[in-house]
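Student: Take this structure first; my questions come after.
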There are 6 protein chains.
Amino acid sequence: MQDVTLLKESLPYFRRFRGTTFVIKIGGEAIKDRETLTNFAEDIALISSVGIRVVIVHGGGHQISEVQEMLGIETKMVGGRRVTDEKTLDIVKMVLAGKMSVEIVAALKAQGVGAMGVSAVSAGIIEGRRRPPRKVSGGGDEIVDFGFVGDIVNADISALNLLLGNGLVPVLSPLGADSEGNIYNMNADLVASRIAAEFKAEKLLLMTAVPGVMVDLKDRTTLISQITASEARESIRKGMIAGGMIPKVEESLRALESGVKQVHILSAVEPHQLMLEIFTQSGCGTMLLP
Amino acid sequence: MQDVTLLKESLPYFRRFRGTTFVIKIGGEAIKDRETLTNFAEDIALISSVGIRVVIVHGGGHQISEVQEMLGIETKMVGGRRVTDEKTLDIVKMVLAGKMSVEIVAALKAQGVGAMGVSAVSAGIIEGRRRPPRKVSGGGDEIVDFGFVGDIVNADISALNLLLGNGLVPVLSPLGADSEGNIYNMNADLVASRIAAEFKAEKLLLMTAVPGVMVDLKDRTTLISQITASEARESIRKGMIAGGMIPKVEESLRALESGVKQVHILSAVEPHQLMLEIFTQSGCGTMLLP
Amino acid sequence: MQDVTLLKESLPYFRRFRGTTFVIKIGGEAIKDRETLTNFAEDIALISSVGIRVVIVHGGGHQISEVQEMLGIETKMVGGRRVTDEKTLDIVKMVLAGKMSVEIVAALKAQGVGAMGVSAVSAGIIEGRRRPPRKVSGGGDEIVDFGFVGDIVNADISALNLLLGNGLVPVLSPLGADSEGNIYNMNADLVASRIAAEFKAEKLLLMTAVPGVMVDLKDRTTLISQITASEARESIRKGMIAGGMIPKVEESLRALESGVKQVHILSAVEPHQLMLEIFTQSGCGTMLLP
Amino acid sequence: MQDVTLLKESLPYFRRFRGTTFVIKIGGEAIKDRETLTNFAEDIALISSVGIRVVIVHGGGHQISEVQEMLGIETKMVGGRRVTDEKTLDIVKMVLAGKMSVEIVAALKAQGVGAMGVSAVSAGIIEGRRRPPRKVSGGGDEIVDFGFVGDIVNADISALNLLLGNGLVPVLSPLGADSEGNIYNMNADLVASRIAAEFKAEKLLLMTAVPGVMVDLKDRTTLISQITASEARESIRKGMIAGGMIPKVEESLRALESGVKQVHILSAVEPHQLMLEIFTQSGCGTMLLP
Amino acid sequence: MQDVTLLKESLPYFRRFRGTTFVIKIGGEAIKDRETLTNFAEDIALISSVGIRVVIVHGGGHQISEVQEMLGIETKMVGGRRVTDEKTLDIVKMVLAGKMSVEIVAALKAQGVGAMGVSAVSAGIIEGRRRPPRKVSGGGDEIVDFGFVGDIVNADISALNLLLGNGLVPVLSPLGADSEGNIYNMNADLVASRIAAEFKAEKLLLMTAVPGVMVDLKDRTTLISQITASEARESIRKGMIAGGMIPKVEESLRALESGVKQVHILSAVEPHQLMLEIFTQSGCGTMLLP
Amino acid sequence: MQDVTLLKESLPYFRRFRGTTFVIKIGGEAIKDRETLTNFAEDIALISSVGIRVVIVHGGGHQISEVQEMLGIETKMVGGRRVTDEKTLDIVKMVLAGKMSVEIVAALKAQGVGAMGVSAVSAGIIEGRRRPPRKVSGGGDEIVDFGFVGDIVNADISALNLLLGNGLVPVLSPLGADSEGNIYNMNADLVASRIAAEFKAEKLLLMTAVPGVMVDLKDRTTLISQITASEARESIRKGMIAGGMIPKVEESLRALESGVKQVHILSAVEPHQLMLEIFTQSGCGTMLLP
């Protein structure tokens with residue numbers, strides 16, 4: 001006879017999260033090959049089948065750079081953001097709302113999940129405005145004009161609510177527009193965080209290239225399973241959380257402050273991390289609590 | 001004092017069409033420059049502001065060819081359909097669901113219209129399957145493999161209904177997927193016609209490069225304002241409707257047979273043709289009736 | 001090809017006013033002949049066809065006096081109000097809720113507008129009480145007993161909301177009753193203003209014998225197109241708004257104070273003034289703003 | 001201690017009729033003095049307080065004749081219908097929709113019943129057309145033109161349903177209009193019967209000058225308490241139901257044929273006949289069953 | 001002809017109480033024989049047929065003692081509460097939720113009333129906790145352990161609301177449970193009072209062995225028909241309300257304080273007391289007002 | 001890292017059964033000790049947490065016999081049914097609707113499941129009538145009077161639907177009543193089967209003393225995992241299904257004929273059989289298919 005331990009272990013999570021909203025942010029790495037994408041889609045299928053309302057926000061920086069290269073356009077990153085001229089903006093639109101969104105939706109369809117690819121320009125989801133030229137930290141005195149990079153002015157989740165209420169999983173591409181119809185390249189992490197805040201989401205799950213917050217990025221045994229906001233701040237101050245980990249953690253802390261109940265940082269590349277993190281006691285990544 | 005004749009002339013149409021569904025198909029030419037796109041968006045704003053439920057289906061063949069050229073991929077058309085290998089499919093996804101959909105939605109936003117760009121892969125709107133290799137008319141004995149070109153297997157308008165019921169204008173990109181998640185390049189005219197049939201739409205409006213059905217394509221005075229299905233069939237038989245006009249008219253006749261109440265063929269490039277065709281007695285294009 | 005300028009000009013108003021509530025007060029003069037009534041009904045048809053919720057409040061003083069005369073009853077007006085004995089009250093009921101209401105509803109029906117004639121006695125719309133005998137300004141020391149003239153005690157718009165929510169245009173006759181079932185002759189301007197206040201209406205439109213507020217009633221070029229509440233008060237103080245114009249303007253100011261967003265004074269006799277005033281930039285009457 | 005017999009006797013009727021629809025037709029006699037009207041209003045208050053949906057259709061022939069006389073207009077009846085020229089039509093509108101409707105609504109308000117006076121012109125309730133000139137039975141060869149007397153072309157009870165669904169009692173005046181907005185004088189009995197048929201009403205109650213169907217109109221002991229349609233037809237054939245009773249009974253039989261479950265004929269002048277007929281086993285008038 | 005006085009007298013109560021909620025508490029005595037139960041069910045049938053929402057809370061102390069005796073278990077009462085060991089708890093469950101609830105529901109069914117027997121363990125209606133051992137008044141220094149007697153921790157009326165909203169009469173058995181699933185014997189009076197408070201009930205009716213509050217329990221003429229809370233407190237203080245009457249009155253006062261509008265104390269054994277108390281002016285028991 | 005195989009295996013069942021209705025019949029053996037009951041409640045918690053609508057029908061024959069014994073009443077079974085005199089009926093009511101129902105509801109509450117114990121007398125769920133005295137198979141010529149044993153006359157699931165629609169699990173006790181309010185002892189298997197048929201349930205799960213249909217009841221390896229209706233009939237004919245297994249299988253076949261999609265027979269005493277049978281490919285009992 002089969003062992004039902006895992007089902008029994010999952011049961012309290014099924015019950016607790018039913019009807020709540022999770023915002024899941026994935027970068028381009030989660031979609032880099034068909035198998036990774038299929039694993040991800042299977043996890044979403046499970047999560048939504050137990051009645052959790054899922055919003056996916058995807059990125060795609062790596063893929064944008066690839067197309068830029070194919071078209072002979074130089075990739076120019078300043079302070080982590082892509083300087084976006086008109087041609088680059090066209091590529092951003094095409095890669096995000098065209099290639100990646102459609103492929104995620106099709107992969108979900110193959111798992112029986114009804115999804116809808118939606119750019120955040122639609123239905124006023126993200127109202128953006130052009131980022132003013134500015135100095136960047138570590139960039140000296142130079143004023144950088146980021147072009148069609150946008151800052152979030154407003155977010156309206158009513159259309160996402162509509163889709164969720166009808167059993168559809170929205171797959172959101174991080175674009176925005178202003179009231180004149182100008183389109184902007186938005187940051188996927190910030191969009192995910194803002195959307196999660198608007199929903200007062202139960203969880204914001206950030207799927208990244210690393211398995212979670214680690215004291216030593218090379219040593220998995222240093223992974224922190226669970227940490228409170230104040231402990232996290234203390235760890236940054238003490239240097240235990242350092243380097244590339246810091247922006248993700250700070251973004252997580254901001255999300256907690258704006259009403260998200262839990263933020264998770266977990267691996268986008270290892271299989272079924274979402275399932276494990278959400279439905280088992282031990283989890284697999286890092287959970288940040290207020 | 002101003003003349004209110006036009007408003008009085010429009011009134012019966014406002015009343016008659018309120019709450020009915022129009023499917024409007026536009027090709028890439030309607031989006032070729034910002035002014036044409038703005039004119040189109042103004043028309044949609046008027047149509048939706050009087051309570052008509054509008055679904056837009058867009059094409060983009062010209063723009064796809066442009067990107068193919070930029071990437072050094074040869075455009076190969078057989079029997080009016082684009083042979084679609086894997087790289088071309090990527091471009092199709094990017095141009096349709098990425099560039100064109102986002103730009104139409106942003107232009108509508110600038111006119112105060114809440115729109116949602118949706119690829120027909122989403123929510124099972126268009127279920128497709130790979131077109132089997134086949135001989136094409138005028139192509140001799142050669143068997144043509146169209147690659148990722150899809151035929152429509154099923155259409156599900158429930159998600160579109162959901163958006164319309166909440167005051168949003170769906171902007172539909174003609175892609176489809178099968179149950180394994182394979183994505184296909186669908187024909188925009190056929191998608192528009194099928195969606196209109198599923199809605200038993202009040203009107204299917206096909207915006208084309210020509211002002212309507214003309215006996216002599218060079219002489220606008222030969223434009224036919226209104227024609228019944230049987231008259232149209234007779235005209236084709238007699239050669240009065242000929243050449244490139246025939247496929248559009250035949251598609252229109254099929255739409256009428258499947259329950260669409262009226263089909264219009266009108267110009268995508270002259271300004272405000274939609275407004276005139278829908279809200280004035282004389283109209284400006286060709287209306288086909290059952 | 002037809003000029004679509006007027007439609008384009010109207011579009012922003014269609015969009016802005018959709019779903020808002022307009023209260024339109026017409027006096028007996030708007031119904032004096034079939035042509036004027038038809039013009040009015042056409043305007044209402046347009047206004048309601050673009051999704052504006054319309055409540056009509058009608059008067060009928062002239063017609064009441066006519067029936068009084070036919071029955072040999074002397075018309076006695078004091079301070080602008082009709083002294084209403086029992087026989088006169090019967091005539092008031094008959095002319096307002098009988099003749100005028102039914103004729104307006106029938107004229108709207110001829111324009112395809114579903115309307116419902118409703119006396120304000122119905123469903124507790126206007127709760128009235130007998131006006132106490134009092135001195136009137138300019139009437140010396142005499143105490144005037146107005147008979148069955150009523151003052152508004154309470155207004156309940158739930159039944160009107162019900163009709164509006166089901167696409168019907170209420171046509172309200174200015175009668176009221178108290179809790180013992182005594183019926184009163186109410187003032188149509190005050191009823192319209194109170195109903196507009198209860199709805200926090202977008203517009204209260206007062207259709208009168210004059211084209212709007214004019215500095216010189218004989219010179220149409222002195223018509224004031226738009227004026228704020230404070231400017232209007234100043235103009236009255238300075239004598240620029242004078243004579244018969246003052247009560248209408250004061251009533252308008254009270255309506256603005258109680259939450260109505262805009263009040264219009266316009267001509268009941270010239271054709272299509274409603275259409276022009278509501279849907280064109282220049283308008284034709286006077287708009288009062290808070 | 002009080003005797004609760006009557007309440008216990010009424011209980012099964014309360015339960016059985018809750019949520020069903022009764023159409024009650026009253027003539028002018030029920031409103032001839034304040035006491036009779038108050039008694040009637042008390043009965044309606046009880047009936048509606050136990051959850052029965054009540055539609056009142058009123059007549060007013062006597063009152064119309066009175067006003068005709070006051071205005072020096074000759075009353076001309078042919079075959080039981082009033083020849084209605086333009087002036088008479090004005091009086092009909094005024095007396096029915098003005099005087100009588102408003103007074104019934106006010107009397108109901110005094111009993112705490114929310115009612116709405118509605119002429120059947122409103123909301124397309126009764127679509128009428130002019131009765132063609134015709135010979136009348138017993139009128140020789142003369143062709144009679146009844147003027148603005150109307151025949152019922154169509155009935156639409158959706159607005160009445162709306163009012164009932166919100167706890168309001170519609171008080172319907174028997175006027176009708178055609179699609180050009182011409183207004184007609186309709187027969188109250190026919191309107192009541194048609195409305196009852198559209199509702200598939202549980203009961204149609206016709207309140208008349210007599211206490212019910214009587215074999216000898218002068219002898220109350222000959223009143224028939226209950227009779228089936230076939231018995232009634234037989235009684236007419238045998239001459240047991242005769243004279244002025246016949247049209248009421250025939251109208252009742254037509255109502256039963258069109259789906260009304262029970263028709264009652266009862267006195268409009270004796271107090272509380274409605275209460276007794278509906279809520280006691282013995283009743284007081286005549287009940288006709290299919 | 002029948003006298004309709006009682007119906008007319010009842011009418012204002014029908015109207016006033018329609019849609020309000022009554023909580024009726026009955027003890028075991030109301031169910032002691034089939035006739036008493038049938039009388040009670042007839043009263044509930046009338047009350048619910050006029051649109052009053054009824055919740056019944058029943059006790060059954062006498063019947064519990066009977067079964068205890070049959071099973072040779074000693075009944076042990078301390079301070080009015082039954083000491084409840086495990087075997088006794090089984091009997092309590094069986095008698096209340098088994099025997100009495102089912103019999104009341106069946107008796108209501110025989111009167112055409114749709115009822116649902118519900119133990120307060122269901123749907124978290126009553127959250128209980130074990131009463132801590134304590135000294136009882138008049139019990140000297142001994143600490144009494146009541147066993148599975150419960151105190152109310154929380155009440156949730158959403159399930160009762162659900163039943164009421166669908167026309168069902170909940171028949172509530174006074175059991176409760178804690179979050180570990182331990183079941184407790186709750187006091188019926190306290191459950192009724194708490195449920196009435198949660199509903200802000202229009203009336204709480206306590207059916208008891210006596211006809212109401214009496215100054216002299218042997219002399220019915222000393223029954224107090226109506227009394228305010230402050231008068232009642234004063235009467236207790238002065239000794240006019242004394243003995244066994246005090247706990248019922250104090251419970252009533254607490255119910256009034258927690259938002260119940262009126263509390264009635266009336267006889268469970270005389271027939272149709274509910275009908276008389278609710279629907280007649282004189283009533284038959286005692287009404288307590290805030 | 002944990003193995004997620006079981007979750008992945010369960011996923012298709014979660015998705016497939018969401019929103020469908022399962023009727024689960026348990027006998028007294030499933031409630032015989034606290035641990036078995038807790039295991040059962042855990043399974044129900046999982047099943048309902050993935051959105052399956054669960055109706056539980058319970059029996060309790062063993063427990064009824066126990067109480068009979070305690071009260072010195074002889075248990076008399078004829079043809080598998082308990083002869084039910086008045087005293088026995090009281091015990092049946094008390095054990096089923098009192099003891100067992102309350103304990104199941106409390107055990108579910110401890111697992112976080114909102115449940116409502118409902119006897120099938122409530123809300124007309126099971127309309128019964130007294131079983132006519134009859135000969136029983138194997139009972140010779142004697143006419144047996146079963147007393148208050150009832151046969152099902154009608155079933156009404158609207159109240160169960162109401163509870164399910166609000167997220168509550170109904171726990172149904174197999175009692176019934178007729179329109180005079182007489183209460184009957186119904187057969188739990190037949191009630192479960194009828195309720196499942198009314199729901200056109202996705203599954204009827206019969207939890208029994210044996211692990212499923214076995215060719216040799218002593219040899220678990222002879223358990224039949226899956227069998228169609230025609231195979232089952234064939235197996236009975238051939239004697240492969242024999243003895244006490246036959247009535248369960250025949251009841252299952254009747255359920256399949258009346259529209260239930262799948263019937264399962266599985267063990268009530270081994271832990272977590274429900275979980276395994278429903279959510280794993282191999283299952284653990286016997287599934288019968290049409």
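As shown in the structure tokens, the chain order sets the letters A, B, ...; within each chain, residues go from 1, and ligands are also counted from 1 in the order they appear.
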Could you name the residues that touch A:Leu160 at 12 Å or less, counting only C-alpha atoms, but leaving out those on the same chain fewer than 6 positions away, as a PDB file with N, CA, C and O atoms, in the first residue's frame?
Tutor:
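Saved result, part.pdb, follows:
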ATOM      1  N   THR A  21      -4.339  34.576  -2.614  1.00  0.00           N
ATOM      2  CA  THR A  21      -3.672  34.972  -3.855  1.00  0.00           C
ATOM      3  C   THR A  21      -2.159  34.876  -3.703  1.00  0.00           C
ATOM      4  O   THR A  21      -1.607  35.377  -2.724  1.00  0.00           O
ATOM      5  N   VAL A  23       1.426  35.709  -5.818  1.00  0.00           N
ATOM      6  CA  VAL A  23       2.057  36.315  -6.993  1.00  0.00           C
ATOM      7  C   VAL A  23       3.414  35.655  -7.166  1.00  0.00           C
ATOM      8  O   VAL A  23       4.216  35.622  -6.229  1.00  0.00           O
ATOM      9  N   ARG A  53      -5.343  31.277  -5.947  1.00  0.00           N
ATOM     10  CA  ARG A  53      -5.405  32.210  -7.077  1.00  0.00           C
ATOM     11  C   ARG A  53      -3.987  32.634  -7.412  1.00  0.00           C
ATOM     12  O   ARG A  53      -3.317  33.245  -6.589  1.00  0.00           O
ATOM     13  N   VAL A  54      -3.511  32.316  -8.605  1.00  0.00           N
ATOM     14  CA  VAL A  54      -2.121  32.552  -8.966  1.00  0.00           C
ATOM     15  C   VAL A  54      -2.007  33.644 -10.024  1.00  0.00           C
ATOM     16  O   VAL A  54      -2.699  33.597 -11.040  1.00  0.00           O
ATOM     17  N   VAL A  55      -1.148  34.619  -9.769  1.00  0.00           N
ATOM     18  CA  VAL A  55      -0.760  35.593 -10.786  1.00  0.00           C
ATOM     19  C   VAL A  55       0.716  35.375 -11.074  1.00  0.00           C
ATOM     20  O   VAL A  55       1.533  35.355 -10.150  1.00  0.00           O
ATOM     21  N   ILE A  56       1.057  35.170 -12.350  1.00  0.00           N
ATOM     22  CA  ILE A  56       2.460  35.023 -12.737  1.00  0.00           C
ATOM     23  C   ILE A  56       2.941  36.324 -13.360  1.00  0.00           C
ATOM     24  O   ILE A  56       2.264  36.885 -14.218  1.00  0.00           O
ATOM     25  N   VAL A  57       4.094  36.805 -12.905  1.00  0.00           N
ATOM     26  CA  VAL A  57       4.745  37.942 -13.553  1.00  0.00           C
ATOM     27  C   VAL A  57       6.073  37.423 -14.085  1.00  0.00           C
ATOM     28  O   VAL A  57       6.848  36.832 -13.336  1.00  0.00           O
ATOM     29  N   ALA A 115      -5.011  29.815 -18.798  1.00  0.00           N
ATOM     30  CA  ALA A 115      -4.221  30.999 -18.474  1.00  0.00           C
ATOM     31  C   ALA A 115      -4.514  32.082 -19.485  1.00  0.00           C
ATOM     32  O   ALA A 115      -5.022  31.816 -20.571  1.00  0.00           O
ATOM     33  N   MET A 116      -4.227  33.319 -19.137  1.00  0.00           N
ATOM     34  CA  MET A 116      -4.355  34.403 -20.090  1.00  0.00           C
ATOM     35  C   MET A 116      -3.122  35.284 -20.025  1.00  0.00           C
ATOM     36  O   MET A 116      -2.812  35.853 -18.971  1.00  0.00           O
ATOM     37  N   GLY A 117      -2.430  35.364 -21.165  1.00  0.00           N
ATOM     38  CA  GLY A 117      -1.285  36.249 -21.281  1.00  0.00           C
ATOM     39  C   GLY A 117      -1.763  37.686 -21.398  1.00  0.00           C
ATOM     40  O   GLY A 117      -2.592  37.997 -22.247  1.00  0.00           O
ATOM     41  N   VAL A 118      -1.256  38.548 -20.548  1.00  0.00           N
ATOM     42  CA  VAL A 118      -1.747  39.921 -20.470  1.00  0.00           C
ATOM     43  C   VAL A 118      -0.551  40.835 -20.305  1.00  0.00           C
ATOM     44  O   VAL A 118       0.216  40.668 -19.353  1.00  0.00           O
ATOM     45  N   SER A 119      -0.367  41.792 -21.211  1.00  0.00           N
ATOM     46  CA  SER A 119       0.672  42.782 -20.917  1.00  0.00           C
ATOM     47  C   SER A 119       0.093  43.782 -19.937  1.00  0.00           C
ATOM     48  O   SER A 119      -1.110  44.052 -19.951  1.00  0.00           O
ATOM     49  N   ALA A 120       0.932  44.319 -19.080  1.00  0.00           N
ATOM     50  CA  ALA A 120       0.427  45.214 -18.039  1.00  0.00           C
ATOM     51  C   ALA A 120      -0.016  46.561 -18.599  1.00  0.00           C
ATOM     52  O   ALA A 120      -0.529  47.405 -17.873  1.00  0.00           O
ATOM     53  N   SER A 122      -2.430  46.517 -20.702  1.00  0.00           N
ATOM     54  CA  SER A 122      -3.865  46.227 -20.831  1.00  0.00           C
ATOM     55  C   SER A 122      -4.624  46.658 -19.587  1.00  0.00           C
ATOM     56  O   SER A 122      -4.145  46.512 -18.462  1.00  0.00           O
ATOM     57  N   ALA A 123      -5.816  47.184 -19.826  1.00  0.00           N
ATOM     58  CA  ALA A 123      -6.777  47.463 -18.750  1.00  0.00           C
ATOM     59  C   ALA A 123      -6.163  48.316 -17.653  1.00  0.00           C
ATOM     60  O   ALA A 123      -6.562  48.232 -16.490  1.00  0.00           O
ATOM     61  N   GLY A 124      -5.187  49.138 -18.013  1.00  0.00           N
ATOM     62  CA  GLY A 124      -4.581  50.050 -17.042  1.00  0.00           C
ATOM     63  C   GLY A 124      -3.916  49.359 -15.873  1.00  0.00           C
ATOM     64  O   GLY A 124      -3.823  49.925 -14.777  1.00  0.00           O
ATOM     65  N   ILE A 125      -3.457  48.122 -16.072  1.00  0.00           N
ATOM     66  CA  ILE A 125      -2.894  47.387 -14.943  1.00  0.00           C
ATOM     67  C   ILE A 125      -1.688  48.118 -14.360  1.00  0.00           C
ATOM     68  O   ILE A 125      -1.609  48.342 -13.157  1.00  0.00           O
ATOM     69  N   ILE A 126      -0.763  48.479 -15.238  1.00  0.00           N
ATOM     70  CA  ILE A 126       0.360  49.314 -14.771  1.00  0.00           C
ATOM     71  C   ILE A 126       0.365  50.627 -15.543  1.00  0.00           C
ATOM     72  O   ILE A 126       0.511  50.649 -16.768  1.00  0.00           O
ATOM     73  N   ASN A 166     -12.672  34.019 -12.434  1.00  0.00           N
ATOM     74  CA  ASN A 166     -13.219  33.084 -13.401  1.00  0.00           C
ATOM     75  C   ASN A 166     -12.275  31.923 -13.661  1.00  0.00           C
ATOM     76  O   ASN A 166     -12.361  31.251 -14.694  1.00  0.00           O
ATOM     77  N   GLY A 167     -11.364  31.699 -12.715  1.00  0.00           N
ATOM     78  CA  GLY A 167     -10.534  30.510 -12.780  1.00  0.00           C
ATOM     79  C   GLY A 167      -9.384  30.582 -13.762  1.00  0.00           C
ATOM     80  O   GLY A 167      -8.774  29.564 -14.074  1.00  0.00           O
ATOM     81  N   LEU A 168      -9.060  31.773 -14.238  1.00  0.00           N
ATOM     82  CA  LEU A 168      -7.934  31.904 -15.171  1.00  0.00           C
ATOM     83  C   LEU A 168      -6.685  32.390 -14.434  1.00  0.00           C
ATOM     84  O   LEU A 168      -6.779  33.148 -13.472  1.00  0.00           O
ATOM     85  N   VAL A 169      -5.527  31.928 -14.895  1.00  0.00           N
ATOM     86  CA  VAL A 169      -4.254  32.371 -14.334  1.00  0.00           C
ATOM     87  C   VAL A 169      -3.706  33.485 -15.228  1.00  0.00           C
ATOM     88  O   VAL A 169      -3.370  33.239 -16.376  1.00  0.00           O
ATOM     89  N   PRO A 170      -3.614  34.708 -14.726  1.00  0.00           N
ATOM     90  CA  PRO A 170      -3.023  35.774 -15.540  1.00  0.00           C
ATOM     91  C   PRO A 170      -1.505  35.620 -15.605  1.00  0.00           C
ATOM     92  O   PRO A 170      -0.862  35.352 -14.588  1.00  0.00           O
ATOM     93  N   VAL A 171      -0.951  35.760 -16.797  1.00  0.00           N
ATOM     94  CA  VAL A 171       0.500  35.757 -17.010  1.00  0.00           C
ATOM     95  C   VAL A 171       0.856  37.164 -17.463  1.00  0.00           C
ATOM     96  O   VAL A 171       0.546  37.556 -18.584  1.00  0.00           O
ATOM     97  N   LEU A 172       1.480  37.909 -16.572  1.00  0.00           N
ATOM     98  CA  LEU A 172       1.613  39.354 -16.775  1.00  0.00           C
ATOM     99  C   LEU A 172       2.994  39.717 -17.311  1.00  0.00           C
ATOM    100  O   LEU A 172       4.016  39.366 -16.721  1.00  0.00           O
ATOM    101  N   ILE A 195       2.073  44.459  -7.600  1.00  0.00           N
ATOM    102  CA  ILE A 195       0.823  43.703  -7.794  1.00  0.00           C
ATOM    103  C   ILE A 195       0.512  42.911  -6.513  1.00  0.00           C
ATOM    104  O   ILE A 195      -0.637  42.884  -6.036  1.00  0.00           O
ATOM    105  N   ALA A 196       1.557  42.290  -5.942  1.00  0.00           N
ATOM    106  CA  ALA A 196       1.357  41.538  -4.693  1.00  0.00           C
ATOM    107  C   ALA A 196       0.847  42.457  -3.584  1.00  0.00           C
ATOM    108  O   ALA A 196      -0.026  42.096  -2.791  1.00  0.00           O
ATOM    109  N   GLU A 198      -0.872  45.251  -3.977  1.00  0.00           N
ATOM    110  CA  GLU A 198      -2.263  45.635  -4.242  1.00  0.00           C
ATOM    111  C   GLU A 198      -3.227  44.527  -3.813  1.00  0.00           C
ATOM    112  O   GLU A 198      -4.315  44.782  -3.335  1.00  0.00           O
ATOM    113  N   PHE A 199      -2.819  43.274  -4.027  1.00  0.00           N
ATOM    114  CA  PHE A 199      -3.675  42.144  -3.644  1.00  0.00           C
ATOM    115  C   PHE A 199      -3.600  41.842  -2.146  1.00  0.00           C
ATOM    116  O   PHE A 199      -4.365  41.028  -1.667  1.00  0.00           O
TER     117      PHE A 199
ATOM    118  N   MET B 116      -7.816  44.870 -23.617  1.00  0.00           N
ATOM    119  CA  MET B 116      -6.911  43.838 -23.161  1.00  0.00           C
ATOM    120  C   MET B 116      -6.383  43.059 -24.361  1.00  0.00           C
ATOM    121  O   MET B 116      -7.167  42.462 -25.111  1.00  0.00           O
ATOM    122  N   LEU B 162     -16.319  37.281 -20.959  1.00  0.00           N
ATOM    123  CA  LEU B 162     -15.992  37.793 -19.633  1.00  0.00           C
ATOM    124  C   LEU B 162     -15.444  39.216 -19.723  1.00  0.00           C
ATOM    125  O   LEU B 162     -15.863  40.114 -18.982  1.00  0.00           O
ATOM    126  N   LEU B 163     -14.501  39.430 -20.638  1.00  0.00           N
ATOM    127  CA  LEU B 163     -13.904  40.757 -20.786  1.00  0.00           C
ATOM    128  C   LEU B 163     -14.958  41.755 -21.258  1.00  0.00           C
ATOM    129  O   LEU B 163     -15.090  42.852 -20.706  1.00  0.00           O
ATOM    130  N   ASN B 166     -17.308  43.061 -18.753  1.00  0.00           N
ATOM    131  CA  ASN B 166     -16.729  43.998 -17.797  1.00  0.00           C
ATOM    132  C   ASN B 166     -16.204  45.253 -18.480  1.00  0.00           C
ATOM    133  O   ASN B 166     -15.363  45.960 -17.937  1.00  0.00           O
TER     134      ASN B 166
END
Student: Residues of stretch 67-116 of chain F classed as alpha helix (DSSP H) by DSSP on the backbone are to be reported as a list in words.
Tutor: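 Answer for stretch 67-116 of chain F, restricted to alpha helix (DSSP H): Val67, Gln68, Glu69, Met70, Glu86, Lys87, Thr88, Leu89, Asp90, Ile91, Val92, Lys93, Ser101, Val102, Glu103, Ile104, Val105, Ala106, Ala107, Leu108, Lys109 and Ala110 of chain F.
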Student: Please report as a PyMOL selection string which residues of chain E come no farther than 6 Å from chain F, using only C-alpha atoms.
Tutor: chain E and resi 93-95+97-99+106-107+110+114-116+122-123+179-181
Student: Where does DSSP see strand (DSSP E) in stretch 57-151 of chain B, if you list the residues as a list in words?
Tutor: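 Answer for stretch 57-151 of chain B restricted to strand (DSSP E) is Val57, His58, Met77, Val78, Arg81, Arg82, Ala115, Met116, Gly117, Val118, Ser119, Ile126, Glu127, Gly128, Arg129, Arg130, Gly150 and Asp151 of chain B.
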Student: Between atom CA of A:Asp189 and atom CA of A:Glu231, what is the spacing in Å?
Tutor: 22.2 Å
